[in-house]
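K.L.:
Would you mind keeping the following structure in view while I ask a few things?
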Amino acid sequence: MSAPRTLVVRLDSAGDVLLAGPAVRAVASGSAHTALLCGPLGLPAARMLPGVDEVLVHDAPWTGLDPAPVSAEATREVVERISAGRFDRALVLVSFHQSPLPVALLLKTAGVPQVSADCEDYPGSLLDLRHKRRPRRHETAAALDLAHAAGFPLPDGDDGRLRVLGPPDTTALTGPGPYVVLHPGAAVEARRWSARRAARAAAALSSAGHRVVVTGSREEKHLTAAVAGDHALDLGGATDWPQLAGVLRSARAVVIGNTGAMHLAAAVRTPLVCLFSPVVPAGRWRPYGVPHVLLGDQKAPCAGSRARHCPVRGHPCLDAVDDAAVLAAVDRLTGRTRGGALP
């Protein structure tokens with residue numbers, strides 16, 4: 001029997017796509033052709049995943065912070081593209097709180113004969129493998145569990161950690177010599193430091209002897225400029241995703257919130273100081289497979305709320321993290337002793 005043509009579906013953000021990477025590699029090891037269906041926000045990450053032969057894009061009206069309107073034309077188009085791919089199997093990867101059934105309906109309409117997904121809801125005839133996710137499982141591990149259940153174990157020698165295709169040399173952007181990255185932004189306001197708090201951290205890192213590089217998207221240039229001030233190199237808006245991967249790969253450590261760039265840093269194996277707001281569970285989305293220190297009050301009143309904007313005055317779960325804790329975490333990850341030289 002020939003190896004199947006397989007479609008992996010992972011919509012939502014670039015970070016979600018990166019977390020699906022190990023499952024994609026498992027699928028690719030047992031497939032003749034592996035395609036990934038993602039949303040527009042996930043496209044930069046999808047292009048960086050090993051094992052992906054083809055990327056399809058659909059702006060699904062049931063995902064994202066600003067969902068697309070329902071469109072019969074867009075629905076027909078994605079069904080036709082999936083049908084043209086002649087896929088034998090499909091894996092639908094979703095977060096623990098999401099339903100795979102809207103995607104499964106599209107796949108079945110497109111004629112995909114075997115569809116697998118984690119699913120709590122009754123799927124009717126939409127799923128051929130209705131897999132049950134283990135409680136409190138990290139998103140990456142849960143995706144690997146589903147792939148294995150569908151007949152796609154990781155190949156021998158694959159450690160199952162996040163991975164991206166080799167990023168470029170970014171010394172021309174950062175300059176030579178060691179540095180620490182501070183990435184202050186995040187798509188969800190509740191998951192990031194306030195700009196003022198991040199600026200104080202940049203100053204504290206600089207005063208402690210670190211060369212600081214501040215990163216962010218083009219839309220975050222105002223934020224990165226305010227945070228960098230006179231203490232850091234501002235690369236806000238200066239990198240695409242492969243270049244950002246290069247900057248993160250060469251850093252000694254990255255100080256960052258729960259955002260896609262956090263998972264990109266993990267994919268290039270850079271240690272992380274993660275400022276994790278408890279609005280979503282850290283156990284499911286914390287840095288995967290890389291040394292890290294988790295900071296932030298995981299028992300704050302906002303815990304589990306999925307809030308996009310902090311519901312507690314002063315954003316205490318993150319802004320209350322003091323500079324001493326940040327510096328100690330960086331020291332721990334880089335092997336530096338306070339007051340001593342960098343190794």
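Lettering and numbering for the structure tokens are positional, with chains as A, B, ... in the shown order, residues counted from 1 in each chain, and ligands counted from 1 in the shown order.
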For the interface of region 77-169 of chain A with region 252-276 of chain A (cut-off 7 Å, counting only C-alpha atoms), please tabulate each contacting residue of region 77-169 of chain A alongside its nearest pair of atoms and their separation in Å to one decimal, rows sorted by chain and increasing number, as a tab-separated table.

P.N.:
```
residue	atom	partner	partner_atom	distance
A:Leu162	CA	A:Ala267	CA	4.4
A:Arg163	CA	A:Ala267	CA	4.4
A:Val164	CA	A:Ala267	CA	6.0
```

K.L.:
Considering only C-alpha atoms, tabulate each residue of region 14-102 of chain A that lies at most 10 Å from region 118-140 of chain A along with its nearest interatomic pair and the corresponding distance in Å to one decimal; arrange the rows by chain and ascending residue number and present them as a Markdown table.

P.N.:
```
| residue | atom | partner | partner_atom | distance |
| --- | --- | --- | --- | --- |
| A:Asp16 | CA | A:Glu139 | CA | 8.4 |
| A:Val17 | CA | A:Thr140 | CA | 9.8 |
| A:Leu18 | CA | A:Thr140 | CA | 8.8 |
| A:Leu19 | CA | A:Thr140 | CA | 5.1 |
| A:Ala20 | CA | A:Thr140 | CA | 5.9 |
| A:Gly21 | CA | A:Thr140 | CA | 7.9 |
| A:Pro22 | CA | A:Thr140 | CA | 7.2 |
| A:Ala23 | CA | A:Thr140 | CA | 7.5 |
| A:Arg89 | CA | A:Asp128 | CA | 9.8 |
| A:Ala90 | CA | A:Leu127 | CA | 9.9 |
| A:Leu91 | CA | A:Asp118 | CA | 9.2 |
| A:Val92 | CA | A:Asp118 | CA | 7.8 |
| A:Leu93 | CA | A:Asp118 | CA | 7.4 |
| A:Val94 | CA | A:Asp118 | CA | 7.5 |
| A:Ser95 | CA | A:Glu139 | CA | 6.6 |
| A:Phe96 | CA | A:Glu139 | CA | 7.6 |
| A:His97 | CA | A:Glu120 | CA | 9.4 |
| A:Gln98 | CA | A:Cys119 | CA | 8.5 |
| A:Ser99 | CA | A:Cys119 | CA | 6.4 |
| A:Pro100 | CA | A:Cys119 | CA | 6.6 |
| A:Leu101 | CA | A:Pro123 | CA | 6.7 |
| A:Pro102 | CA | A:Leu126 | CA | 9.3 |
```

K.L.:
Now that the selection is made, can you save its residues with C-alpha atoms as an mmCIF file, in the first residue's frame?

P.N.:
```
data_model
loop_
_atom_site.group_PDB
_atom_site.id
_atom_site.type_symbol
_atom_site.label_atom_id
_atom_site.label_comp_id
_atom_site.auth_asym_id
_atom_site.auth_seq_id
_atom_site.Cartn_x
_atom_site.Cartn_y
_atom_site.Cartn_z
ATOM 1 C CA ASP A 16 -0.383 27.585 17.177
ATOM 2 C CA VAL A 17 1.144 26.470 13.866
ATOM 3 C CA LEU A 18 4.598 26.223 15.451
ATOM 4 C CA LEU A 19 3.196 24.073 18.255
ATOM 5 C CA ALA A 20 1.815 21.706 15.605
ATOM 6 C CA GLY A 21 5.271 21.278 14.055
ATOM 7 C CA PRO A 22 6.266 17.982 15.731
ATOM 8 C CA ALA A 23 2.917 16.410 14.755
ATOM 9 C CA ARG A 89 -6.330 11.429 5.266
ATOM 10 C CA ALA A 90 -6.622 14.583 7.311
ATOM 11 C CA LEU A 91 -5.703 15.482 10.884
ATOM 12 C CA VAL A 92 -7.544 18.419 12.404
ATOM 13 C CA LEU A 93 -5.496 20.009 15.198
ATOM 14 C CA VAL A 94 -7.356 22.337 17.539
ATOM 15 C CA SER A 95 -6.755 23.808 20.969
ATOM 16 C CA PHE A 96 -8.410 22.103 23.916
ATOM 17 C CA HIS A 97 -11.317 24.583 23.989
ATOM 18 C CA GLN A 98 -12.105 24.415 20.254
ATOM 19 C CA SER A 99 -14.279 22.131 18.164
ATOM 20 C CA PRO A 100 -12.829 20.453 15.055
ATOM 21 C CA LEU A 101 -16.271 19.896 13.524
ATOM 22 C CA PRO A 102 -16.499 22.996 11.269
#
```

K.L.:
Tell me which protein, DNA and RNA residues are within 10 Å of region 279-284 of chain A, counting only C-alpha atoms, leaving out same-chain ones fewer than 4 positions away, and put them as a PyMOL selection string.

P.N.:
chain A and resi 95-96+135-142+190-191+258+288+294+298-311+317

K.L.:
Suppose we keep C-alpha atoms; can you now write the selection as a short mmCIF file (atom, residue, chain, number, x, y, z; two decimals), in the first residue's frame?

P.N.:
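Generated output (again03.cif):
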```cif
data_model
loop_
_atom_site.label_atom_id
_atom_site.label_comp_id
_atom_site.auth_asym_id
_atom_site.auth_seq_id
_atom_site.Cartn_x
_atom_site.Cartn_y
_atom_site.Cartn_z
CA SER A 95 -6.75 23.81 20.97
CA PHE A 96 -8.41 22.10 23.92
CA PRO A 135 -6.38 16.05 30.63
CA ARG A 136 -4.22 19.20 30.90
CA ARG A 137 -1.99 18.04 28.04
CA HIS A 138 0.36 20.58 26.46
CA GLU A 139 -0.86 21.57 22.99
CA THR A 140 2.22 20.12 21.28
CA ALA A 141 2.00 16.82 23.17
CA ALA A 142 -1.74 16.57 22.46
CA ALA A 190 -3.70 40.75 28.77
CA ARG A 191 -0.73 38.52 27.92
CA ASN A 258 2.86 34.27 25.88
CA TYR A 288 7.91 23.47 25.05
CA LEU A 294 7.99 30.94 34.12
CA GLN A 298 -0.59 31.86 38.02
CA LYS A 299 -3.24 32.16 40.75
CA ALA A 300 -4.24 35.76 39.98
CA PRO A 301 -7.96 36.58 39.84
CA CYS A 302 -7.85 36.55 36.03
CA ALA A 303 -6.74 32.89 35.93
CA GLY A 304 -8.61 30.87 33.33
CA SER A 305 -10.71 33.82 32.21
CA ARG A 306 -9.42 33.89 28.61
CA ALA A 307 -9.61 37.67 28.92
CA ARG A 308 -8.09 39.72 26.12
CA HIS A 309 -7.81 42.84 28.29
CA CYS A 310 -6.70 42.57 31.89
CA PRO A 311 -9.80 42.59 34.14
CA CYS A 317 -0.15 39.12 37.40
#
```

K.L.:
Restrict the calculation to only C-alpha atoms, then for each residue of region 86-151 of chain A with any atom at most 10 Å from an atom of region 63-76 of chain A give the closest atom pair and their distance in Å to one decimal, rows by chain and rising residue number, as a Markdown table.

P.N.:
```
| residue | atom | partner | partner_atom | distance |
| --- | --- | --- | --- | --- |
| A:Gln98 | CA | A:Thr63 | CA | 9.1 |
| A:Leu106 | CA | A:Thr75 | CA | 7.9 |
| A:Thr109 | CA | A:Arg76 | CA | 9.8 |
| A:Ala110 | CA | A:Arg76 | CA | 9.4 |
```

K.L.:
Give me every alpha helix (DSSP H) residue in region 16-118 of chain A, going by DSSP on the backbone, as a PyMOL selection string.

P.N.:
chain A and resi 16-19+21-29+43-46+72-84+101-109

K.L.:
Could you turn the residues from that selection into a file that holds C-alpha atoms, as a compact mmCIF listing (two decimals), in the first residue's frame?

P.N.:
```txt
# COMPACT_ATOMS: atom_id res chain seq x y z
CA ASP A 16 -0.38 27.59 17.18
CA VAL A 17 1.14 26.47 13.87
CA LEU A 18 4.60 26.22 15.45
CA LEU A 19 3.20 24.07 18.26
CA GLY A 21 5.27 21.28 14.06
CA PRO A 22 6.27 17.98 15.73
CA ALA A 23 2.92 16.41 14.76
CA VAL A 24 3.43 17.64 11.19
CA ARG A 25 6.84 15.93 11.10
CA ALA A 26 5.27 12.72 12.37
CA VAL A 27 2.68 12.86 9.61
CA ALA A 28 5.30 13.69 6.98
CA SER A 29 7.39 10.66 7.95
CA LEU A 43 1.25 31.42 7.12
CA PRO A 44 4.71 32.79 8.12
CA ALA A 45 5.18 29.92 10.57
CA ALA A 46 3.76 27.31 8.18
CA ALA A 72 -20.16 31.08 0.60
CA GLU A 73 -17.57 31.92 -2.05
CA ALA A 74 -14.61 31.44 0.32
CA THR A 75 -16.13 28.20 1.59
CA ARG A 76 -16.56 26.85 -1.95
CA GLU A 77 -13.00 27.86 -2.79
CA VAL A 78 -11.39 26.02 0.14
CA VAL A 79 -13.52 22.92 -0.46
CA GLU A 80 -12.44 22.91 -4.11
CA ARG A 81 -8.77 23.32 -3.19
CA ILE A 82 -8.94 20.47 -0.69
CA SER A 83 -10.76 18.29 -3.20
CA ALA A 84 -8.13 19.03 -5.85
CA LEU A 101 -16.27 19.90 13.52
CA PRO A 102 -16.50 23.00 11.27
CA VAL A 103 -13.24 21.93 9.59
CA ALA A 104 -14.31 18.30 9.52
CA LEU A 105 -17.47 19.26 7.62
CA LEU A 106 -15.39 21.06 4.99
CA LEU A 107 -13.06 18.07 4.68
CA LYS A 108 -15.86 15.58 4.27
CA THR A 109 -17.58 17.85 1.76
```

K.L.:
Restricting the calculation to only C-alpha atoms, which member of A:Arg286, A:Thr224, A:Val214, A:Ala201 is positioned closest to Ala325 (chain A)?

P.N.:
A:Ala201

K.L.:
Closest to His210 (chain A) among A:Asp234, A:Asp331, A:Asp322, A:Glu189, using only C-alpha atoms?

P.N.:
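Checking each candidate against His210 (chain A), we get A:Asp331 as the closest.
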
K.L.:
What is the CA of Gly39 (chain A)-CA of Trp62 (chain A) distance in Å, reported with one decimal?

P.N.:
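Between CA of Gly39 (chain A) and CA of Trp62 (chain A) the gap works out to 10.9 Å.
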
K.L.:
Using only C-alpha atoms, find the one residue out of A:His231, A:Val8, A:Pro50, A:Cys38 that sits nearest to Ala150 (chain A).

P.N.:
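Ranking A:His231, A:Val8, A:Pro50, A:Cys38 by distance to Ala150 (chain A), first place goes to A:Val8.
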
K.L.:
Closest to Val212 (chain A) among A:Ala232, A:Ala226, A:Ala199, A:Ala324, using only C-alpha atoms?

P.N.:
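Result for the nearest residue to Val212 (chain A): A:Ala232.
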
K.L.:
Enter the distance from CA of Arg196 (chain A) to CA of Leu235 (chain A), in Å, rounded to one decimal.

P.N.:
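These atoms are spaced 18.0 Å apart.
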
K.L.:
What is the CA of Arg211 (chain A) to CA of Gly177 (chain A) distance in Å?

P.N.:
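Straight-line distance from CA of Arg211 (chain A) to CA of Gly177 (chain A) works out to 8.5 Å.
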